[in-house]
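Peer 1: Have a look at this one before I ask anything.
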Amino acid sequence: MRIDWNCDQKTLLATIRRKSLHKLEVLCMGQCGCILTYGEKKVSIDVVYSDLYYQGTLQSRRQIPPPFPKEQVPWIDLFLVSHDHADHEDKEFFRWRMEDKRVRMIAPDCVLSHYGRCYEPVEGITPIEVPHEEYRYDAQGKPECYGYVLDTPAGAIFHAGDAVLTDKLTNDLLGQHKHFKMLMVPINGRGRPGIIGNMDIDEAISLALRIQPDYLVPTHWDLFKENGADISLFVDKANAAGLSYLIPRPGEVWCFD
């Protein structure tokens with residue numbers, strides 16, 4: 001199966017380059033990836049620009065083709081990475097881009113160490129440790145997986161990266177005392193052999209019912225056939241729960257004022 005981009009390459013490049021006239025623009029980039037533009041910030045979160053192959057082969061795992069070669073990726077000065085899995089941390093791209101010392105990255109220490117970087121806080125962006133089936137820590141006791149709360153002029157956004165639903169995660173979000181414009185959470189579930197899993201559709205909806213965002217955004221459903229989710233089932237269940245939602249399509253742009 002192949003999932004096409006919502007626009008052509010030229011349009012996609014122009015969308016990334018442009019300054020936003022809105023309080024917030026969200027450019028969907030497939031899987032858990034998105035590019036946010038608000039104020040003077042342009043933030044890339046968990047975008048994978050490179051191809052991903054089955055081990056030992058040149059057969060692509062991607063149902064969504066790579067958008068363009070890494071050399072064509074427009075200038076973005078701030079990257080958020082949730083954890084060090086290949087569908088979230090694009091090492092091929094970052095080994096090249098992070099040579100430019102102007103580029104900033106917020107990520108767990110185990111990711112930052114790949115590029116000789118240290119954590120530098122950015123105002124309005126709060127890392128929250130998340131459980132990728134379980135809470136994971138490095139040898140220094142630092143979290144290996146983050147979600148991010150971003151304060152934008154259109155409202156707060158929570159991008160979970162990969163995470164399962166726990167009482168702690170729910171309480172950590174409630175403890176932010178924010179009204180969330182969007183919850184961006186995975187829906188692919190867990191239980192697949194050899195794959196560390198995430199919350200499923202029911203758990204994503206349960207979290208949204210507690211947090212009450214303006215929109216629930218399902219992620220981690222479209223890039224890999226073997227580790228995705230039935231988006232039509234999500235739609236049916238979200239409708240039944242009375243939730244407002246947005247379905248990310250690669251190359252689609254959402255504008256908020």
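Ordering of the structure tokens sets the chain letters (A, B, ...); residue numbers start at 1 within each chain; ligands are numbered from 1 in the order shown.
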Skip segment 87-103 of chain A itself and residues of its chain fewer than 4 positions away, then list as a ChimeraX atom specification all residues within 10 Å of it, counting only C-alpha atoms.
Peer 2: /A:31-33,45-52,62,69-71,73,75-83,107,111,114-117,161-162,220,223-224
Peer 1: I need the residues in segment 63-205 of chain A that are strand (DSSP E or B) according to DSSP; give them as a VMD selection string.
Peer 2: chain A and resid 78 to 80 104 to 106 125 to 129 132 134 137 143 146 to 152 155 to 159 180 to 186 188 200
Peer 1: Keeping only N, CA, C and O atoms, write the selected residues to a file as a tab-separated table (two decimals), in the first residue's frame.
Peer 2:
```
chain	number	residue	atom	x	y	z
A	78	LEU	N	14.68	24.57	15.08
A	78	LEU	CA	14.35	23.90	16.34
A	78	LEU	C	13.68	22.56	16.06
A	78	LEU	O	12.65	22.52	15.39
A	79	PHE	N	14.30	21.50	16.56
A	79	PHE	CA	13.78	20.15	16.38
A	79	PHE	C	13.48	19.53	17.74
A	79	PHE	O	14.31	19.60	18.65
A	80	LEU	N	12.30	18.94	17.86
A	80	LEU	CA	11.94	18.17	19.04
A	80	LEU	C	11.92	16.70	18.64
A	80	LEU	O	11.34	16.33	17.61
A	104	ARG	N	18.94	24.01	16.96
A	104	ARG	CA	18.68	23.59	18.33
A	104	ARG	C	17.85	22.31	18.33
A	104	ARG	O	17.06	22.06	17.43
A	105	MET	N	18.04	21.50	19.38
A	105	MET	CA	17.28	20.28	19.53
A	105	MET	C	16.87	20.13	20.99
A	105	MET	O	17.68	20.34	21.90
A	106	ILE	N	15.62	19.77	21.20
A	106	ILE	CA	15.15	19.36	22.52
A	106	ILE	C	14.83	17.88	22.42
A	106	ILE	O	14.06	17.46	21.54
A	125	ILE	N	8.10	25.53	25.86
A	125	ILE	CA	8.14	24.12	25.47
A	125	ILE	C	8.56	23.30	26.70
A	125	ILE	O	9.65	23.49	27.22
A	126	THR	N	7.67	22.41	27.13
A	126	THR	CA	7.91	21.64	28.35
A	126	THR	C	7.97	20.16	28.05
A	126	THR	O	6.98	19.57	27.60
A	127	PRO	N	9.15	19.52	28.26
A	127	PRO	CA	9.21	18.06	28.11
A	127	PRO	C	8.50	17.37	29.27
A	127	PRO	O	8.60	17.80	30.43
A	128	ILE	N	7.76	16.31	28.96
A	128	ILE	CA	7.08	15.50	29.97
A	128	ILE	C	7.47	14.04	29.73
A	128	ILE	O	7.31	13.54	28.61
A	129	GLU	N	7.97	13.37	30.75
A	129	GLU	CA	8.33	11.97	30.53
A	129	GLU	C	7.08	11.16	30.25
A	129	GLU	O	6.03	11.36	30.86
A	132	HIS	N	6.71	4.51	27.19
A	132	HIS	CA	6.65	3.74	25.95
A	132	HIS	C	6.52	2.28	26.37
A	132	HIS	O	7.50	1.56	26.46
A	134	GLU	N	6.45	1.31	29.16
A	134	GLU	CA	6.85	1.56	30.55
A	134	GLU	C	7.74	2.80	30.56
A	134	GLU	O	8.23	3.23	29.52
A	137	TYR	N	14.53	4.73	31.59
A	137	TYR	CA	15.54	5.68	32.04
A	137	TYR	C	16.92	5.21	31.62
A	137	TYR	O	17.18	4.00	31.52
A	143	PRO	N	15.01	10.37	31.84
A	143	PRO	CA	14.00	9.74	30.97
A	143	PRO	C	14.53	9.53	29.55
A	143	PRO	O	15.25	10.38	29.00
A	146	TYR	N	10.21	11.34	25.85
A	146	TYR	CA	9.50	12.55	26.21
A	146	TYR	C	8.29	12.75	25.30
A	146	TYR	O	8.30	12.40	24.12
A	147	GLY	N	7.25	13.34	25.88
A	147	GLY	CA	6.24	14.06	25.11
A	147	GLY	C	6.50	15.53	25.37
A	147	GLY	O	7.31	15.91	26.22
A	148	TYR	N	5.81	16.38	24.62
A	148	TYR	CA	6.07	17.82	24.75
A	148	TYR	C	4.77	18.60	24.83
A	148	TYR	O	3.83	18.36	24.08
A	149	VAL	N	4.74	19.56	25.76
A	149	VAL	CA	3.68	20.54	25.83
A	149	VAL	C	4.22	21.84	25.25
A	149	VAL	O	5.25	22.35	25.71
A	150	LEU	N	3.56	22.34	24.22
A	150	LEU	CA	3.98	23.57	23.57
A	150	LEU	C	2.90	24.63	23.76
A	150	LEU	O	1.73	24.39	23.48
A	151	ASP	N	3.31	25.79	24.25
A	151	ASP	CA	2.40	26.92	24.41
A	151	ASP	C	2.45	27.75	23.13
A	151	ASP	O	3.50	28.31	22.78
A	152	THR	N	1.34	27.82	22.42
A	152	THR	CA	1.27	28.60	21.19
A	152	THR	C	0.21	29.68	21.35
A	152	THR	O	-0.64	29.60	22.24
A	155	GLY	N	-3.20	28.27	21.65
A	155	GLY	CA	-3.48	27.34	22.74
A	155	GLY	C	-2.39	26.30	22.88
A	155	GLY	O	-1.49	26.20	22.04
A	156	ALA	N	-2.46	25.51	23.93
A	156	ALA	CA	-1.44	24.52	24.22
A	156	ALA	C	-1.64	23.27	23.36
A	156	ALA	O	-2.76	22.89	23.02
A	157	ILE	N	-0.53	22.64	23.03
A	157	ILE	CA	-0.52	21.39	22.28
A	157	ILE	C	0.28	20.38	23.07
A	157	ILE	O	1.36	20.69	23.59
A	158	PHE	N	-0.24	19.16	23.15
A	158	PHE	CA	0.54	18.06	23.70
A	158	PHE	C	0.84	17.08	22.58
A	158	PHE	O	-0.08	16.54	21.95
A	159	HIS	N	2.12	16.86	22.33
A	159	HIS	CA	2.58	15.87	21.36
A	159	HIS	C	3.22	14.74	22.16
A	159	HIS	O	4.24	14.94	22.82
A	180	PHE	N	-6.03	22.62	26.36
A	180	PHE	CA	-5.27	22.14	25.22
A	180	PHE	C	-6.05	22.32	23.93
A	180	PHE	O	-7.21	21.90	23.81
A	181	LYS	N	-5.39	22.95	22.96
A	181	LYS	CA	-5.94	23.03	21.62
A	181	LYS	C	-5.96	21.64	20.98
A	181	LYS	O	-6.96	21.25	20.35
A	182	MET	N	-4.86	20.89	21.16
A	182	MET	CA	-4.76	19.57	20.56
A	182	MET	C	-4.03	18.60	21.47
A	182	MET	O	-3.07	18.98	22.14
A	183	LEU	N	-4.49	17.37	21.48
A	183	LEU	CA	-3.73	16.23	21.99
A	183	LEU	C	-3.33	15.40	20.78
A	183	LEU	O	-4.20	14.90	20.04
A	184	MET	N	-2.04	15.24	20.55
A	184	MET	CA	-1.53	14.44	19.44
A	184	MET	C	-0.96	13.16	20.04
A	184	MET	O	0.14	13.16	20.62
A	185	VAL	N	-1.72	12.05	19.93
A	185	VAL	CA	-1.35	10.82	20.64
A	185	VAL	C	-1.43	9.62	19.70
A	185	VAL	O	-2.25	9.58	18.78
A	186	PRO	N	-0.58	8.60	19.94
A	186	PRO	CA	-0.59	7.41	19.08
A	186	PRO	C	-1.81	6.54	19.34
A	186	PRO	O	-2.37	6.55	20.44
A	188	ASN	N	-1.81	3.13	17.74
A	188	ASN	CA	-1.50	1.84	17.11
A	188	ASN	C	-1.52	0.67	18.09
A	188	ASN	O	-1.43	-0.49	17.67
A	200	ASP	N	-3.87	2.43	22.59
A	200	ASP	CA	-4.72	2.07	21.46
A	200	ASP	C	-5.81	3.13	21.30
A	200	ASP	O	-5.82	4.17	21.99
```
Peer 1: For each of A:Glu25, A:Glu133, A:Asp138, A:Glu120, take the minimum atom-to-atom distance to Thr166 of chain A, counting only C-alpha atoms, then give the residue where this is smallest.
Peer 2: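 Among A:Glu25, A:Glu133, A:Asp138, A:Glu120, it is A:Glu133 that comes nearest to Thr166 of chain A.
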Peer 1: Smallest atom-to-atom distance to Ala160 of chain A: which of A:Gly228, A:Pro67, A:Pro218, A:Gly56, using only C-alpha atoms?
Peer 2: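 Selected residue with least distance to Ala160 of chain A: A:Pro218.
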Peer 1: If I take atom CA of Lys237 of chain A and atom CA of Gln63 of chain A, how far is one from the other in Å, to one decimal?
Peer 2: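 So the two atoms, atom CA of Lys237 of chain A and atom CA of Gln63 of chain A, lie 24.4 Å apart.
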Peer 1: What does the distance between atom CA of Leu209 of chain A and atom CA of Val122 of chain A come to in Å, to one decimal place?
Peer 2: 29.2 Å
Peer 1: Might you pull out every residue within 9 Å of Arg249 of chain A, with only C-alpha atoms counted and same-chain residues fewer than 4 positions away left off, and present them as a VMD selection string?
Peer 2: chain A and resid 4 to 6 28 to 30 222 253
Peer 1: I need the residue nearest Asp84 of chain A from this list: A:Tyr54, A:Tyr119, A:Ile195, A:Glu144. Use only C-alpha atoms for the distance.
Peer 2: A:Glu144
Peer 1: Can you measure atom CA of Pro66 of chain A to atom CA of Gly39 of chain A for me? One decimal in Å is fine.
Peer 2: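 Spanning atom CA of Pro66 of chain A to atom CA of Gly39 of chain A is a straight-line distance of 27.8 Å.
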Peer 1: I'd like to know which of A:Ile247, A:Ser206, A:Leu12, A:His179 is closest to Val235 of chain A, using only C-alpha atoms.
Peer 2: A:Ile247
Peer 1: Among segment 12-139 of chain A, which ones does DSSP assign to alpha helix (DSSP H) (computed from the backbone)? Answer as a CSV table (one decimal) with all heavy atoms, in the first residue's frame.
Peer 2:
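Final output, saved to selection-v5.csv:
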```
chain,number,residue,atom,x,y,z
A,12,LEU,N,4.8,21.6,-0.9
A,12,LEU,CA,5.3,21.2,0.5
A,12,LEU,C,6.5,22.0,0.9
A,12,LEU,O,6.5,22.5,2.0
A,12,LEU,CB,5.6,19.7,0.5
A,12,LEU,CG,6.0,19.1,1.8
A,12,LEU,CD1,4.8,19.2,2.8
A,12,LEU,CD2,6.4,17.6,1.7
A,13,LEU,N,7.5,22.2,0.0
A,13,LEU,CA,8.6,23.0,0.4
A,13,LEU,C,8.3,24.4,0.6
A,13,LEU,O,8.7,25.0,1.6
A,13,LEU,CB,9.6,22.9,-0.8
A,13,LEU,CG,10.4,21.6,-0.9
A,13,LEU,CD1,11.1,21.5,-2.3
A,13,LEU,CD2,11.4,21.4,0.2
A,14,ALA,N,7.4,25.0,-0.2
A,14,ALA,CA,7.0,26.4,0.0
A,14,ALA,C,6.2,26.5,1.3
A,14,ALA,O,6.4,27.6,2.0
A,14,ALA,CB,6.1,26.8,-1.2
A,15,THR,N,5.4,25.5,1.7
A,15,THR,CA,4.7,25.6,3.0
A,15,THR,C,5.6,25.6,4.2
A,15,THR,O,5.4,26.4,5.1
A,15,THR,CB,3.7,24.4,3.1
A,15,THR,OG1,2.8,24.4,2.0
A,15,THR,CG2,2.9,24.5,4.4
A,16,ILE,N,6.7,24.8,4.1
A,16,ILE,CA,7.6,24.8,5.2
A,16,ILE,C,8.4,26.1,5.3
A,16,ILE,O,8.6,26.6,6.4
A,16,ILE,CB,8.6,23.6,5.0
A,16,ILE,CG1,7.9,22.3,5.1
A,16,ILE,CG2,9.7,23.7,6.1
A,16,ILE,CD1,8.7,21.1,4.8
A,17,ARG,N,8.7,26.7,4.2
A,17,ARG,CA,9.5,27.9,4.2
A,17,ARG,C,8.8,29.2,4.6
A,17,ARG,O,9.3,30.1,5.1
A,17,ARG,CB,10.1,28.1,2.7
A,17,ARG,CG,11.1,27.2,2.3
A,17,ARG,CD,11.8,27.6,1.0
A,17,ARG,NE,12.8,26.7,0.6
A,17,ARG,CZ,12.6,25.8,-0.5
A,17,ARG,NH1,11.5,25.9,-1.2
A,17,ARG,NH2,13.6,25.0,-0.8
A,91,LYS,N,18.2,9.8,12.2
A,91,LYS,CA,19.7,9.9,12.4
A,91,LYS,C,20.4,10.4,11.1
A,91,LYS,O,21.3,11.2,11.2
A,91,LYS,CB,20.3,8.6,13.0
A,91,LYS,CG,19.9,8.3,14.4
A,91,LYS,CD,20.8,7.1,14.9
A,91,LYS,CE,20.5,6.8,16.3
A,91,LYS,NZ,19.2,6.1,16.5
A,92,GLU,N,20.0,9.8,10.0
A,92,GLU,CA,20.6,10.2,8.7
A,92,GLU,C,20.5,11.7,8.5
A,92,GLU,O,21.5,12.3,8.1
A,92,GLU,CB,20.0,9.4,7.6
A,92,GLU,CG,20.5,9.8,6.2
A,92,GLU,CD,19.9,9.1,5.1
A,92,GLU,OE1,19.2,8.0,5.3
A,92,GLU,OE2,19.9,9.6,3.9
A,93,PHE,N,19.3,12.2,8.7
A,93,PHE,CA,19.1,13.7,8.5
A,93,PHE,C,19.9,14.5,9.6
A,93,PHE,O,20.6,15.4,9.3
A,93,PHE,CB,17.6,14.0,8.6
A,93,PHE,CG,17.3,15.4,8.6
A,93,PHE,CD1,17.5,16.3,7.5
A,93,PHE,CD2,16.8,16.0,9.8
A,93,PHE,CE1,17.2,17.6,7.6
A,93,PHE,CE2,16.6,17.4,9.8
A,93,PHE,CZ,16.7,18.2,8.7
A,94,PHE,N,19.7,14.1,10.9
A,94,PHE,CA,20.3,14.9,11.9
A,94,PHE,C,21.8,14.9,11.9
A,94,PHE,O,22.5,15.9,12.3
A,94,PHE,CB,19.8,14.4,13.3
A,94,PHE,CG,18.4,14.9,13.6
A,94,PHE,CD1,17.4,13.9,14.0
A,94,PHE,CD2,18.0,16.2,13.4
A,94,PHE,CE1,16.1,14.3,14.2
A,94,PHE,CE2,16.7,16.6,13.7
A,94,PHE,CZ,15.7,15.7,14.1
A,95,ARG,N,22.5,13.8,11.5
A,95,ARG,CA,23.9,13.8,11.5
A,95,ARG,C,24.4,14.8,10.5
A,95,ARG,O,25.5,15.4,10.7
A,95,ARG,CB,24.4,12.4,11.1
A,95,ARG,CG,24.3,11.3,12.1
A,95,ARG,CD,25.0,10.0,11.7
A,95,ARG,NE,24.8,9.0,12.7
A,95,ARG,CZ,24.1,7.9,12.5
A,95,ARG,NH1,23.5,7.7,11.3
A,95,ARG,NH2,23.9,7.0,13.5
A,96,TRP,N,23.6,15.1,9.5
A,96,TRP,CA,24.0,16.2,8.6
A,96,TRP,C,23.6,17.6,9.1
A,96,TRP,O,24.4,18.5,9.1
A,96,TRP,CB,23.3,15.9,7.2
A,96,TRP,CG,23.4,16.9,6.2
A,96,TRP,CD1,24.5,17.3,5.5
A,96,TRP,CD2,22.3,17.8,5.8
A,96,TRP,NE1,24.1,18.4,4.7
A,96,TRP,CE2,22.8,18.7,4.9
A,96,TRP,CE3,21.0,18.0,6.3
A,96,TRP,CZ2,22.1,19.7,4.3
A,96,TRP,CZ3,20.2,19.0,5.7
A,96,TRP,CH2,20.7,19.8,4.7
A,97,ARG,N,22.3,17.7,9.5
A,97,ARG,CA,21.8,19.0,9.9
A,97,ARG,C,22.4,19.6,11.2
A,97,ARG,O,22.6,20.8,11.3
A,97,ARG,CB,20.3,19.0,10.0
A,97,ARG,CG,19.6,20.3,10.4
A,97,ARG,CD,20.0,21.5,9.5
A,97,ARG,NE,19.7,21.4,8.1
A,97,ARG,CZ,18.6,21.7,7.5
A,97,ARG,NH1,17.6,22.2,8.2
A,97,ARG,NH2,18.5,21.6,6.2
A,109,ASP,N,18.4,13.0,26.8
A,109,ASP,CA,19.8,13.1,26.8
A,109,ASP,C,20.4,11.9,25.9
A,109,ASP,O,21.4,12.1,25.3
A,109,ASP,CB,20.4,12.9,28.2
A,109,ASP,CG,20.3,14.2,29.0
A,109,ASP,OD1,19.8,15.2,28.4
A,109,ASP,OD2,20.7,14.2,30.2
A,110,CYS,N,19.7,10.8,25.9
A,110,CYS,CA,20.3,9.7,25.1
A,110,CYS,C,20.2,10.0,23.6
A,110,CYS,O,20.9,9.3,22.8
A,110,CYS,CB,19.5,8.4,25.4
A,110,CYS,SG,17.7,8.4,25.1
A,111,VAL,N,19.3,10.9,23.2
A,111,VAL,CA,19.3,11.4,21.8
A,111,VAL,C,20.3,12.5,21.6
A,111,VAL,O,21.1,12.5,20.6
A,111,VAL,CB,17.9,11.8,21.4
A,111,VAL,CG1,17.9,12.5,20.0
A,111,VAL,CG2,16.9,10.7,21.4
A,112,LEU,N,20.3,13.5,22.5
A,112,LEU,CA,21.2,14.6,22.3
A,112,LEU,C,22.7,14.2,22.3
A,112,LEU,O,23.5,14.8,21.5
A,112,LEU,CB,21.0,15.6,23.5
A,112,LEU,CG,19.7,16.3,23.6
A,112,LEU,CD1,19.5,17.0,24.9
A,112,LEU,CD2,19.6,17.3,22.4
```
